[in-house]
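Asker: Please see the structure below; I have some questions.
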Number of protein chains: 2
Amino acid sequence: MVGVVERLAAIVGPAHVLTDGDLTAAFETDWTGRWRGRCAAVVRPADRDQVRAVLHLCNSEGVAVVPQGGNTGLVGGAVPPDGAVVLVTTRIREIGSLDEVAGQLTAGAGATLGAVAAAVRGSGWEVGIDLAARDSATIGGLVATNAGGARAVRYGPMRSQVAGIEAVLADGSVVSRLAGLAKDNTGYDLAGLLTGSEGTLAVITAVRLQLVPAAGLRVAALVALPSTADAVALVSRARRALPGLLAAELFHESGMQLVLGHASLAHPFGAPGAGAYLLLETSDPADALAPLLDGFDDALLADDEAGRTRLWQHRERHTEAINAAGVPHKLDVSLPIGRIAAFEDRCLALVGDRARVVLYGHLGDGNLHVNLLGPAPDDETLDEAVLRLVIEMDGCISAEHGIGRAKAGLLPLDRSAGDLAAMRAIKRALDPAGILNPGVLFEDARQT
Amino acid sequence: MVGVVERLAAIVGPAHVLTDGDLTAAFETDWTGRWRGRCAAVVRPADRDQVRAVLHLCNSEGVAVVPQGGNTGLVGGAVPPDGAVVLVTTRIREIGSLDEVAGQLTAGAGATLGAVAAAVRGSGWEVGIDLAARDSATIGGLVATNAGGARAVRYGPMRSQVAGIEAVLADGSVVSRLAGLAKDNTGYDLAGLLTGSEGTLAVITAVRLQLVPAAGLRVAALVALPSTADAVALVSRARRALPGLLAAELFHESGMQLVLGHASLAHPFGAPGAGAYLLLETSDPADALAPLLDGFDDALLADDEAGRTRLWQHRERHTEAINAAGVPHKLDVSLPIGRIAAFEDRCLALVGDRARVVLYGHLGDGNLHVNLLGPAPDDETLDEAVLRLVIEMDGCISAEHGIGRAKAGLLPLDRSAGDLAAMRAIKRALDPAGILNPGVLFEDARQT
């Protein structure tokens, strides 16, 4: 390995190969603090050609490579197994000029979402996704994990923002399609395959981003409803009535009370008791929203920035309020939207008094975050029971966070034997030596 | 082969295996009449399990299989090489019930687009793509070729309508994900990979379709502009100003004159002379369109069905008018939208007096249909010169029709060696014996 480290240094320069444990530690632990590894080296290439040389070397030597962007993942997908090389993309952060006509730009994989958002501000275009980790999360990481967020109900997940990818395969060869063609039927959609592949098939080095027209005026509405089923019905109507629907977020009195207590806020509706809260945001005019809310007495509207922020805090401060209440087990699941209400009932019944359950999420996408407070951090019995219920109800065990190392053992519950065999065949085809992110997606360290 | 035909009959029933040349002819010639093969048999399975058995048999025997839907392709992608089995999906046409909440349904691969559109009419949801072949083209074929059409500027191509796929791989194994989850980050996006793979990786047997909210009122505008560059600028502004933009179609006086002559119509603007015509359609209110058209004297608006049809016929009758004028060479290309105007100039200069050129297409997607009238049907010199120009200008040689057999020889001009190697590796991984649609995408008959 010493020889490999020296050869890595010859590729990227000695200053960009870290082996001192004091310096590597930040790259060996994930954002949740739950996953930790001990890598042989952290290597920080400056450009695509250095990535090619690093991968060519590691592939020849059979050294595992863990691609890493801003290291903001939640499932251990960028945490190195012992002895791996962590390939950090953050030096590859050039942001190309905006094509005003097409609404596109090319960003280096290491550019942060925040930097790209800043680069296009005021142009009439904006990035179609946004999330709290925007100033650390990199474009390459967001694509590799197909990140989601609250605006996916309007613009889709990261996959929908990708107009092209440049990436380096395990053997150092390059796949590239960065012209940003809206229609392109010339063979397999390699960009789509790499999106969401969690660093197991290639290292993404650049992304052609399709931006969306910047949403103008926005109206938010916080609605108190008798039940989740009513919230689902309202969202379904809203999707058809509001072409500009930007967000449809669900939460409950359980989360509301945690937020109010944590932030010392008064109850927005004066008193608790609603079966469900739904936060809608739209770029349609307020009078398009009014007929939808007809019949709901408890609806608060805001069409200015301060008012919207006041309404949104009840949803956005869930994470900090839950963390303040204990160490939560966090599950990120999808269900067919028509089965969300039934799932909530069955989930609460399943958990019973074994944990305090806080459910919230992106209802428009059928994406629920299930937070379990109470069980010991390493006791995953209840997590697994809930995930089995999700699968039984035709849902999936990762809506937007990915599989990483955290859920690799559960993937065979979720995907069929045929799907898994096809995925492994693709993995072997593009990474025959299994050097890219071993242990992620597939539990066995080597896929060959 | 006789033994194989008998075994196919044992799987699907003798009535559903055709070998008589009178009956197989319609499945051996494509819609353009340009491509023709001689198959060993046409087999018409009734369901997924029969598809599995057919593929398992053909894979064991090394018999090529050509999947076919409505046989409406334009690039020979469903035409059998001699001795192949044509697997026709049209008996697998069950249409499941509409999930009103999610706006989704599952359709058998052989259901036509028209049948699905009829099944959801009046529900508030509709299919996000539409095209002239709707009553023959099947859902499976539309997905396998990632079909486009005029509405892709709003809803994307077929890929964007796919919420899940069930498909059978060459060895008879099944990949399936039909719950229609809007967010699903549990491994590789197999549905995305199969979409647009032109029957070379799997036979699609069912599709979970994500519908779009039915567009309500619609306004169409036909605008006469000085040049293509002005049309591009107007489309770019329209995309930002009109969230409901449904179509942005470009054509020229060359096509306009053919249509007017063919259909015996008066010139909609009284006299010829515009540098470009742009047809916009939007579900935004007419008063949202007005500011965009400010300054353009020659703009015709229609907000009723009859008026819209009158405007649209100038665009929609291009195909028949061109066919009436001769046997056109038809190219279907994409360019970065900002380079469309320069491409048109260079294309006309390149062709010179060697052919009559009619250019039109889906400007909002950078998708141009290049029609060349004059050269002999089998003389592809000029076609190839134009396609080389497209590639030089960062475009691609197939925007929505696919590669099929027709353009397989040109694919290496368009995709890099790295891309092609990755595509071949995936092909070998999922279809090791190379039985699925040999000769499509990759010119060599067997990919191993």
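In the structure tokens, the first chain shown is A, the next is B, and so on; residue numbers restart at 1 for each chain, and ligands run from 1 in the order shown.
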Compile the contact shell of stretch 340-344 of chain A as an MDAnalysis selection string: residues with an atom at most 7 Å away, counting only C-alpha atoms, same-chain residues fewer than 4 positions apart removed.
Answerer: chainID A and resid 228:229 335:336 348 366
Asker: Can you tell me which residues surround stretch 31-36 of chain B at a distance of at most 7 Å, considering only C-alpha atoms, apart from same-chain residues fewer than 2 positions away, and format the answer as a list in words?
Answerer: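 Non-adjacent residues within range: Glu28, Thr29, Asn71, Thr72, Gly73, Leu74, Gly76 and Val79 of chain B.
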Asker: Quick one: residues within 12 Å of A:Arg48, only C-alpha atoms, excluding same-chain residues fewer than 4 positions away - as an NGL selection string?
Answerer: :A and (11-12 or 44 or 52-55 or 87 or 89 or 91-94 or 108-110 or 166-169 or 172-176 or 203-206)
Asker: Between atom CA of A:Thr186 and atom CA of B:Ile403, measure the distance and give it in Å to one decimal.
Answerer: 6.0 Å
Asker: What's around B:Arg177 at 10 Å? Count only C-alpha atoms, leave out sequence neighbours fewer than 6 positions away in its own chain, and write the answer as a ChimeraX atom specification.
Answerer: /A:394,415-416,419 /B:163-167,189-191,206-208
Asker: Please identify the helix (DSSP H, G or I) residues within stretch 152-308 of chain A (assignment by DSSP from backbone atoms) and present them as a PyMOL selection string.
Answerer: chain A and resi 152-155+158-161+190-194+228-241+253-263+286-293+305-308
Asker: Between A:Tyr277, A:Phe442, A:Trp312, A:Phe251, which has the minimum distance to chain B (counting only C-alpha atoms)?
Answerer: A:Phe442
Asker: Just want the 8 Å neighbourhood of A:Val63, counted on only C-alpha atoms, with same-chain residues fewer than 3 positions away dropped. Output as a ChimeraX atom specification.
Answerer: /A:58-60,83-85,435
Asker: Give me, as a list in words, all polymer residues having an atom no more than 12 Å from B:Pro412, counting only C-alpha atoms and skipping those fewer than 6 positions away in the same chain.
Answerer: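 In the requested form, the answer reads Thr186 and Gly187 of chain A; Arg388, Ile391, Cys396, Ile397, Ile403, Gly418, Asp419, Leu420, Ala421, Met423, Leu441, Phe442 and Glu443 of chain B.
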Asker: List the neighbours of A:Ala248 out to 6 Å using only C-alpha atoms; skip same-chain residues closer than 6 positions along the sequence, and give me the result as a PyMOL selection string.
Answerer: chain A and resi 279-280+363-364
Asker: When distances are computed from only C-alpha atoms, which of A:Ala144, A:Phe296, A:Leu260, A:Asp184 shows the smallest separation from B:Met158?
Answerer: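 Closest to B:Met158, using only C-alpha atoms: A:Asp184.
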